[in-house]
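Q: To be precise about what I am sending: the file is called upload_21.txt and holds compact mmCIF, C-alpha atoms and all ligand atoms.
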# COMPACT_ATOMS: atom_id res chain seq x y z
CA MET A 1 -72.53 -42.81 24.34
CA ILE A 2 -76.07 -41.47 24.13
CA ILE A 3 -76.97 -38.51 26.36
CA ASP A 4 -80.71 -37.83 26.44
CA ILE A 5 -81.72 -34.56 28.08
CA ILE A 6 -85.30 -34.00 29.20
CA THR A 7 -86.45 -30.39 29.55
CA VAL A 8 -89.47 -28.10 29.35
CA VAL A 9 -87.38 -25.48 27.51
CA PRO A 10 -85.48 -27.31 24.77
CA GLY A 11 -84.62 -23.97 23.13
CA ILE A 12 -82.07 -23.20 25.85
CA LEU A 13 -80.06 -26.22 24.72
CA GLU A 14 -80.02 -25.43 21.00
CA GLY A 15 -76.76 -23.48 21.18
CA PRO A 16 -74.37 -25.25 23.54
CA PHE A 17 -74.13 -28.51 21.61
CA SER A 18 -73.94 -27.11 18.07
CA HIS A 19 -70.48 -25.60 18.13
CA SER A 20 -66.83 -26.36 18.57
CA ILE A 21 -65.75 -29.47 20.50
CA LEU A 22 -69.23 -30.76 21.35
CA GLN A 23 -70.36 -30.43 17.75
CA ARG A 24 -67.23 -32.24 16.54
CA ALA A 25 -67.70 -35.05 19.05
CA GLN A 26 -71.20 -35.64 17.66
CA ASN A 27 -70.03 -35.41 14.04
CA LYS A 28 -67.36 -38.02 14.77
CA GLY A 29 -70.08 -40.31 16.19
CA ILE A 30 -68.46 -40.44 19.65
CA VAL A 31 -71.55 -39.11 21.38
CA GLN A 32 -75.20 -38.57 20.50
CA ILE A 33 -76.77 -35.68 22.43
CA ARG A 34 -80.55 -35.59 22.12
CA VAL A 35 -82.88 -33.04 23.67
CA HIS A 36 -86.48 -34.08 24.48
CA ASN A 37 -89.37 -31.75 25.16
CA LEU A 38 -91.10 -32.96 28.33
CA ARG A 39 -94.40 -31.42 27.24
CA GLU A 40 -94.66 -33.98 24.43
CA TYR A 41 -94.97 -36.68 27.10
CA ALA A 42 -97.70 -34.92 29.09
CA SER A 43 -101.30 -36.09 28.84
CA GLY A 44 -104.55 -34.14 28.78
CA LYS A 45 -105.73 -31.26 26.65
CA HIS A 46 -103.37 -28.73 28.18
CA LYS A 47 -100.28 -30.96 28.25
CA ASN A 48 -99.52 -29.80 31.79
CA VAL A 49 -96.12 -30.71 33.19
CA ASP A 50 -96.53 -29.01 36.58
CA ASP A 51 -99.18 -28.70 39.29
CA TYR A 52 -99.80 -27.17 42.74
CA GLN A 53 -97.93 -28.75 45.61
CA TYR A 54 -99.68 -30.95 48.15
CA GLY A 55 -99.83 -29.32 51.57
CA GLY A 56 -100.06 -25.84 50.09
CA GLY A 57 -97.37 -23.27 49.48
CA SER A 58 -96.34 -21.12 46.56
CA GLY A 59 -94.70 -22.47 43.46
CA MET A 60 -95.56 -25.27 41.06
CA VAL A 61 -94.04 -28.74 41.15
CA MET A 62 -93.14 -30.80 38.09
CA MET A 63 -95.36 -33.86 37.78
CA ILE A 64 -94.18 -37.45 37.83
CA GLU A 65 -96.21 -38.79 34.91
CA PRO A 66 -94.63 -36.87 31.99
CA PHE A 67 -91.12 -37.70 33.27
CA VAL A 68 -91.93 -41.38 33.61
CA ASN A 69 -93.60 -41.48 30.18
CA CYS A 70 -90.49 -39.95 28.65
CA ILE A 71 -88.01 -42.15 30.53
CA GLU A 72 -89.94 -45.30 29.67
CA HIS A 73 -90.14 -44.27 26.04
CA LEU A 74 -86.33 -43.84 25.94
CA GLN A 75 -85.74 -47.11 27.81
CA LYS A 76 -87.63 -49.01 25.11
CA GLU A 77 -84.84 -48.13 22.66
CA ASN A 78 -81.73 -48.02 24.88
CA THR A 79 -80.38 -49.03 28.24
CA TYR A 80 -79.08 -46.32 30.56
CA GLU A 81 -76.41 -46.49 33.20
CA GLU A 82 -77.35 -43.25 34.95
CA ILE A 83 -80.45 -41.09 35.25
CA ILE A 84 -79.17 -37.77 36.53
CA PHE A 85 -81.18 -34.93 38.04
CA LEU A 86 -79.54 -31.50 37.91
CA SER A 87 -80.27 -29.77 41.18
CA PRO A 88 -78.59 -27.30 43.53
CA ASP A 89 -78.93 -29.86 46.33
CA GLY A 90 -77.06 -32.59 44.46
CA GLU A 91 -73.40 -33.59 44.81
CA THR A 92 -71.16 -30.79 43.56
CA LEU A 93 -69.64 -31.48 40.13
CA SER A 94 -65.89 -32.06 40.19
CA GLN A 95 -63.28 -33.08 37.66
CA ASN A 96 -63.21 -36.55 39.27
CA MET A 97 -66.94 -36.91 38.77
CA ALA A 98 -66.64 -35.82 35.12
CA ASN A 99 -63.83 -38.37 34.61
CA GLU A 100 -65.98 -41.14 36.05
CA LEU A 101 -69.07 -40.21 34.04
CA SER A 102 -67.04 -40.04 30.80
CA LEU A 103 -66.37 -43.79 31.18
CA LYS A 104 -70.03 -44.73 31.65
CA GLY A 105 -72.66 -45.96 29.23
CA ASN A 106 -75.71 -44.01 28.10
CA MET A 107 -77.28 -41.49 30.43
CA ILE A 108 -80.45 -39.47 30.84
CA MET A 109 -80.41 -36.01 32.38
CA LEU A 110 -83.50 -34.37 33.85
CA CYS A 111 -83.69 -30.60 34.06
CA GLY A 112 -85.90 -29.28 36.84
CA HIS A 113 -87.90 -26.02 36.88
CA TYR A 114 -90.37 -24.18 39.05
CA LYS A 115 -90.37 -25.20 42.73
CA GLY A 116 -88.85 -28.60 41.98
CA ILE A 117 -89.85 -32.05 40.84
CA ASP A 118 -92.13 -34.55 42.57
CA GLN A 119 -89.99 -36.34 45.16
CA ARG A 120 -91.15 -39.75 43.88
CA ILE A 121 -89.12 -39.18 40.69
CA ARG A 122 -86.03 -38.55 42.79
CA ASP A 123 -86.68 -41.52 45.07
CA HIS A 124 -87.50 -44.10 42.43
CA TYR A 125 -86.01 -43.11 39.06
CA ILE A 126 -82.97 -40.89 39.60
CA THR A 127 -79.60 -42.60 40.14
CA LYS A 128 -77.52 -39.46 40.74
CA GLU A 129 -78.20 -35.80 41.65
CA ILE A 130 -75.62 -33.28 40.54
CA SER A 131 -75.19 -29.58 41.31
CA ILE A 132 -72.78 -27.40 39.34
CA GLY A 133 -72.17 -25.08 42.28
CA ASP A 134 -73.65 -23.40 45.33
CA TYR A 135 -75.96 -20.99 43.56
CA VAL A 136 -79.46 -21.32 42.15
CA LEU A 137 -80.15 -21.21 38.41
CA SER A 138 -83.59 -20.70 36.90
CA GLY A 139 -83.61 -24.28 35.67
CA GLY A 140 -81.38 -27.30 35.17
CA GLU A 141 -80.68 -26.72 31.45
CA LEU A 142 -77.53 -24.61 31.78
CA ALA A 143 -76.28 -27.01 34.44
CA ALA A 144 -76.90 -29.94 32.06
CA ALA A 145 -74.95 -28.13 29.33
CA VAL A 146 -72.01 -27.63 31.73
CA LEU A 147 -72.15 -31.26 32.84
CA VAL A 148 -72.30 -32.59 29.25
CA ASP A 149 -69.36 -30.40 28.20
CA SER A 150 -67.24 -31.53 31.15
CA ILE A 151 -67.95 -35.20 30.32
CA VAL A 152 -67.75 -35.22 26.52
CA ARG A 153 -64.40 -33.43 26.24
CA LEU A 154 -62.85 -36.30 28.23
CA MET A 155 -64.10 -39.05 25.93
CA PRO A 156 -61.38 -40.73 23.85
CA GLY A 157 -61.03 -39.18 20.40
CA VAL A 158 -62.81 -35.90 21.20
CA LEU A 159 -59.77 -33.73 21.86
CA ASN A 160 -56.60 -33.79 19.79
CA ASP A 161 -53.04 -33.38 21.15
CA GLU A 162 -53.28 -29.61 21.06
CA THR A 163 -56.37 -29.44 23.20
CA SER A 164 -55.58 -32.51 25.29
CA ALA A 165 -57.55 -32.74 28.51
CA LEU A 166 -54.51 -34.14 30.29
CA THR A 167 -53.08 -30.68 30.79
CA ASP A 168 -56.34 -29.14 32.04
CA SER A 169 -56.55 -27.44 35.38
CA PHE A 170 -57.67 -29.96 38.06
CA GLN A 171 -56.64 -32.98 35.98
CA ASP A 172 -53.48 -33.41 38.09
CA GLY A 173 -55.04 -31.81 41.15
CA LEU A 174 -53.45 -28.42 40.37
CA LEU A 175 -54.56 -25.29 38.57
CA SER A 176 -52.86 -24.67 35.19
CA ALA A 177 -49.65 -22.66 34.84
CA PRO A 178 -49.88 -19.31 32.99
CA VAL A 179 -49.55 -19.44 29.19
CA TYR A 180 -48.27 -16.86 26.66
CA THR A 181 -48.17 -16.42 22.90
CA ARG A 182 -46.56 -13.97 20.45
CA PRO A 183 -45.41 -11.24 20.57
CA ALA A 184 -42.61 -11.85 23.10
CA GLU A 185 -43.03 -8.23 24.21
CA PHE A 186 -46.14 -6.03 24.07
CA ARG A 187 -45.82 -2.41 25.28
CA GLY A 188 -43.06 -3.44 27.63
CA LEU A 189 -44.97 -6.49 28.95
CA LYS A 190 -42.60 -9.41 28.50
CA VAL A 191 -43.05 -13.16 28.25
CA PRO A 192 -40.91 -14.90 30.94
CA ASP A 193 -37.42 -15.62 29.52
CA ILE A 194 -37.55 -19.26 30.54
CA LEU A 195 -40.32 -19.96 28.02
CA ILE A 196 -38.35 -18.49 25.15
CA GLY A 197 -35.03 -20.28 25.85
CA GLY A 198 -36.14 -23.65 24.41
CA ASN A 199 -34.92 -25.68 27.41
CA THR A 200 -37.79 -28.16 27.72
CA PRO A 201 -36.91 -29.68 31.14
CA GLU A 202 -36.51 -26.17 32.59
CA VAL A 203 -39.83 -25.10 31.05
CA GLU A 204 -41.56 -28.15 32.55
CA LYS A 205 -40.05 -27.39 35.96
CA TRP A 206 -41.13 -23.74 35.74
CA ARG A 207 -44.67 -24.75 34.73
CA PHE A 208 -44.96 -27.15 37.64
CA GLU A 209 -43.72 -24.52 40.09
CA GLN A 210 -46.13 -21.93 38.68
CA ALA A 211 -49.04 -24.38 38.85
CA LEU A 212 -48.18 -25.13 42.46
CA LEU A 213 -47.84 -21.44 43.33
CA ARG A 214 -51.13 -20.55 41.67
CA THR A 215 -52.91 -23.42 43.43
CA LYS A 216 -51.43 -22.39 46.81
CA GLU A 217 -52.56 -18.80 46.29
CA ARG A 218 -56.00 -19.36 44.79
CA ARG A 219 -57.16 -22.83 45.83
CA PRO A 220 -55.16 -24.06 48.84
CA ASP A 221 -58.03 -26.47 49.52
CA LEU A 222 -56.90 -28.53 46.49
CA LEU A 223 -53.47 -29.27 47.97
N1 LIG A 301 -80.69 -26.07 38.95
C1 LIG A 301 -80.76 -24.87 39.53
N2 LIG A 301 -79.59 -24.51 40.08
C2 LIG A 301 -78.72 -25.54 39.82
C3 LIG A 301 -77.37 -25.79 40.14
N3 LIG A 301 -76.63 -24.91 40.83
N4 LIG A 301 -76.81 -26.94 39.73
C4 LIG A 301 -77.56 -27.84 39.05
N5 LIG A 301 -78.84 -27.68 38.72
C5 LIG A 301 -79.44 -26.54 39.10
Step by step, read the file and then write its structure as C-alpha cells.
Ligand code: ADE
A:
Amino acid sequence: MIIDIITVVPGILEGPFSHSILQRAQNKGIVQIRVHNLREYASGKHKNVDDYQYGGGSGMVMMIEPFVNCIEHLQKENTYEEIIFLSPDGETLSQNMANELSLKGNMIMLCGHYKGIDQRIRDHYITKEISIGDYVLSGGELAAAVLVDSIVRLMPGVLNDETSALTDSFQDGLLSAPVYTRPAEFRGLKVPDILIGGNTPEVEKWRFEQALLRTKERRPDLL
C-alpha cells in the first residue's frame, strides 16, 4: 500500500514514521509512506498555498490549485482508492474504520491548515473526511499520523505474535484486561494469584471478566 500525505508542514511528519512499528512496516516493503510538500505544487513567484476567503472574514483558506496539481501528479503514477481529508468535522475514527482502511488500496491524505480548505476540494476530490476526535488541532498532520498508525499496524505481516493486533483494546469490542510483569511483588503490591498459577483456561476466563468489568466501568457505551 502507498500512503501519500500532502501537507504544508512536512517537518511535523518526519518523526512519527521513522521509528518502531511504522518504520519496520516500511522496511519490510508492506507500506510506502511518502510526505509531499504542498508548496512545491503552488504556482506564482510566492508559491502561495492560501488566500483570503470570499465573502470576507478572518483567516486564510487553502487554495484548490496546489492540491489539485499535487493530486494529479500522484495519480499519474498510481491509482488511489481513497482521498482522505483530516478534519474535525469528519467521521470520527474508530477501530472498525481502521480495520476497513487497512484492507484498501493506495490512499492520499490531505492535511488542512488555517481556516480550512476550499470547499470545492472537499466536494469534488475528497472521498472520505476523518476526524480523530472532538477537539481542534492546529493542522491535520498529527491526525494523519494517528490515522496512518492505526491502519498500518493492522496490515498483515506488520505485527508479530507478541504484538498481535488481535488482542488490542476495541478489537473484540472490549477494552483490554490489565497486564503485569515481574516482579510478582513490588513493595507489597502483588500480581493477582490467578496469573501466576499457570492455569491457562482460568487465566483466559479472568482476562475476559476483567475486560468486561473495565469496559462496563469506563466505556459502557461500547457494550
Ligand atoms: N484537524 C484539526 N483538528 C482535527 C481533528 N480533531 N481530527 C482530524 N483533523 C483535524
Q: Considering all atoms listed in the file, can you say which of A:Glu100, A:Glu82, A:Glu202, A:Asp193 comes closest to Ile5 (chain A)?
A: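 Closest to Ile5 (chain A) of all the choices is A:Glu82.
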Q: Quote the spacing between CA of Arg24 (chain A) and CA of Asp149 (chain A) in Å to one decimal place.
A: 12.0 Å
Q: Quick one: of A:Tyr114, A:Phe186, A:Phe208, A:Tyr180, who's nearest to ligand LIG 301 (chain A), counting all atoms listed in the file?
A: A:Tyr114
Q: Hey, which residues come within 8 Å of ligand LIG 301 (chain A) if we count only C-alpha atoms and all ligand atoms? Could you give them as number ranges by chain?
A: A: 85-90, 92, 111-113, 130-144
Q: Restrict the selected residues to C-alpha atoms and save them as a compact mmCIF listing (two decimals), keeping the file's coordinate frame.
A:
# COMPACT_ATOMS: atom_id res chain seq x y z
CA PHE A 85 -81.18 -34.93 38.04
CA LEU A 86 -79.54 -31.50 37.91
CA SER A 87 -80.27 -29.77 41.18
CA PRO A 88 -78.59 -27.30 43.53
CA ASP A 89 -78.93 -29.86 46.33
CA GLY A 90 -77.06 -32.59 44.46
CA THR A 92 -71.16 -30.79 43.56
CA CYS A 111 -83.69 -30.60 34.06
CA GLY A 112 -85.90 -29.28 36.84
CA HIS A 113 -87.90 -26.02 36.88
CA ILE A 130 -75.62 -33.28 40.54
CA SER A 131 -75.19 -29.58 41.31
CA ILE A 132 -72.78 -27.40 39.34
CA GLY A 133 -72.17 -25.08 42.28
CA ASP A 134 -73.65 -23.40 45.33
CA TYR A 135 -75.96 -20.99 43.56
CA VAL A 136 -79.46 -21.32 42.15
CA LEU A 137 -80.15 -21.21 38.41
CA SER A 138 -83.59 -20.70 36.90
CA GLY A 139 -83.61 -24.28 35.67
CA GLY A 140 -81.38 -27.30 35.17
CA GLU A 141 -80.68 -26.72 31.45
CA LEU A 142 -77.53 -24.61 31.78
CA ALA A 143 -76.28 -27.01 34.44
CA ALA A 144 -76.90 -29.94 32.06
Q: Find the spatial neighbours of Val35 (chain A), counting all atoms listed in the file, within a cut-off of 12 Å - ignore same-chain residues fewer than 2 positions away - and output them as a PDB file with C-alpha atoms, in the coordinates of the input.
A:
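Dumped to part.pdb:
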ATOM      1  CA  ILE A   2     -76.070 -41.470  24.130  1.00  0.00           C
ATOM      2  CA  ILE A   3     -76.970 -38.510  26.360  1.00  0.00           C
ATOM      3  CA  ASP A   4     -80.710 -37.830  26.440  1.00  0.00           C
ATOM      4  CA  ILE A   5     -81.720 -34.560  28.080  1.00  0.00           C
ATOM      5  CA  ILE A   6     -85.300 -34.000  29.200  1.00  0.00           C
ATOM      6  CA  THR A   7     -86.450 -30.390  29.550  1.00  0.00           C
ATOM      7  CA  VAL A   8     -89.470 -28.100  29.350  1.00  0.00           C
ATOM      8  CA  VAL A   9     -87.380 -25.480  27.510  1.00  0.00           C
ATOM      9  CA  PRO A  10     -85.480 -27.310  24.770  1.00  0.00           C
ATOM     10  CA  GLY A  11     -84.620 -23.970  23.130  1.00  0.00           C
ATOM     11  CA  ILE A  12     -82.070 -23.200  25.850  1.00  0.00           C
ATOM     12  CA  LEU A  13     -80.060 -26.220  24.720  1.00  0.00           C
ATOM     13  CA  GLU A  14     -80.020 -25.430  21.000  1.00  0.00           C
ATOM     14  CA  GLY A  15     -76.760 -23.480  21.180  1.00  0.00           C
ATOM     15  CA  PRO A  16     -74.370 -25.250  23.540  1.00  0.00           C
ATOM     16  CA  PHE A  17     -74.130 -28.510  21.610  1.00  0.00           C
ATOM     17  CA  GLN A  32     -75.200 -38.570  20.500  1.00  0.00           C
ATOM     18  CA  ILE A  33     -76.770 -35.680  22.430  1.00  0.00           C
ATOM     19  CA  ASN A  37     -89.370 -31.750  25.160  1.00  0.00           C
ATOM     20  CA  LEU A  38     -91.100 -32.960  28.330  1.00  0.00           C
ATOM     21  CA  GLU A  40     -94.660 -33.980  24.430  1.00  0.00           C
ATOM     22  CA  CYS A  70     -90.490 -39.950  28.650  1.00  0.00           C
ATOM     23  CA  LEU A  74     -86.330 -43.840  25.940  1.00  0.00           C
ATOM     24  CA  ILE A 108     -80.450 -39.470  30.840  1.00  0.00           C
ATOM     25  CA  MET A 109     -80.410 -36.010  32.380  1.00  0.00           C
ATOM     26  CA  LEU A 110     -83.500 -34.370  33.850  1.00  0.00           C
ATOM     27  CA  CYS A 111     -83.690 -30.600  34.060  1.00  0.00           C
ATOM     28  CA  GLU A 141     -80.680 -26.720  31.450  1.00  0.00           C
ATOM     29  CA  ALA A 144     -76.900 -29.940  32.060  1.00  0.00           C
ATOM     30  CA  ALA A 145     -74.950 -28.130  29.330  1.00  0.00           C
ATOM     31  CA  VAL A 148     -72.300 -32.590  29.250  1.00  0.00           C
TER      32      VAL A 148
END
Q: Hey, which of A:Thr181, A:Thr127, A:Asn99, A:Gln119 ends up closest to Val61 (chain A)? Count only C-alpha atoms.
A: A:Gln119
Q: Which of these residues is nearest to Arg39 (chain A), using only C-alpha atoms: A:Met155, A:Ala177, A:Ile21, A:Met63?
A: A:Met63
Q: Measuring between only C-alpha atoms, which one of A:Ser164, A:Leu222, A:Lys115, A:Ser18 shows the shortest distance to Gly57 (chain A)?
A: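 Among the listed residues, A:Lys115 lies closest to Gly57 (chain A).
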Q: Please compute the CA of Gln23 (chain A)-CA of Val146 (chain A) distance, one decimal, in Å.
A: 14.4 Å
Q: Determine the nearest neighbour of Ile30 (chain A) from the options A:Gly105, A:Gly198, A:Val158, A:Gly56, counting all atoms listed in the file.
A: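 Under the stated criterion, the closest residue is A:Val158.
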Q: Hey, can you check how far CA of Leu22 (chain A) sits from CA of Thr215 (chain A)?
A: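 These atoms are spaced 28.4 Å apart.
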Q: Need the shell around Lys216 (chain A): protein/DNA/RNA residues with any atom at most 10 Å away, counting all atoms listed in the file. Skip same-chain ones fewer than 6 positions apart. Format as number ranges by chain?
A: A: 174-175, 210, 222-223
Q: Which residues of region 93-202 of chain A have any atom within 10 Å of an atom in region 66-69 of chain A when counting all atoms listed in the file, and what is the closest pair of atoms for each, with the distance in Å to one decimal? Order the rows by chain and rising number and write it as a tab-separated table.
A:
residue	atom	partner	partner_atom	distance
A:Leu110	CA	A:Phe67	CA	8.3
A:Ile117	CA	A:Phe67	CA	9.5
A:Asp118	CA	A:Phe67	CA	9.9
A:Ile121	CA	A:Phe67	CA	7.8
A:Tyr125	CA	A:Val68	CA	8.2
Q: Enclose the full set of atoms of region 169-176 of chain A listed in the file within a box whose edges lie along x, y and z, apply 3 Å of padding to each of the six sides, and report centre and edge lengths in Å to one decimal as lines of an AutoDock Vina configuration file.
A:
center_x = -55.3
center_y = -29.0
center_z = 38.2
size_x = 10.8
size_y = 14.7
size_z = 12.0
Q: I'd like the neighbourhood of Lys104 (chain A) as a short mmCIF file (atom, residue, chain, number, x, y, z; two decimals) with C-alpha atoms, in the frame of the given file, where a residue qualifies if any of its atoms comes within 12 Å (using only C-alpha atoms), though same-chain residues fewer than 6 positions away should be ignored.
A:
data_model
loop_
_atom_site.label_atom_id
_atom_site.label_comp_id
_atom_site.auth_asym_id
_atom_site.auth_seq_id
_atom_site.Cartn_x
_atom_site.Cartn_y
_atom_site.Cartn_z
CA MET A 1 -72.53 -42.81 24.34
CA ILE A 2 -76.07 -41.47 24.13
CA ILE A 3 -76.97 -38.51 26.36
CA VAL A 31 -71.55 -39.11 21.38
CA THR A 79 -80.38 -49.03 28.24
CA TYR A 80 -79.08 -46.32 30.56
CA GLU A 81 -76.41 -46.49 33.20
CA GLU A 82 -77.35 -43.25 34.95
CA ILE A 83 -80.45 -41.09 35.25
CA MET A 97 -66.94 -36.91 38.77
CA ALA A 98 -66.64 -35.82 35.12
CA ILE A 151 -67.95 -35.20 30.32
CA VAL A 152 -67.75 -35.22 26.52
CA LEU A 154 -62.85 -36.30 28.23
CA MET A 155 -64.10 -39.05 25.93
#
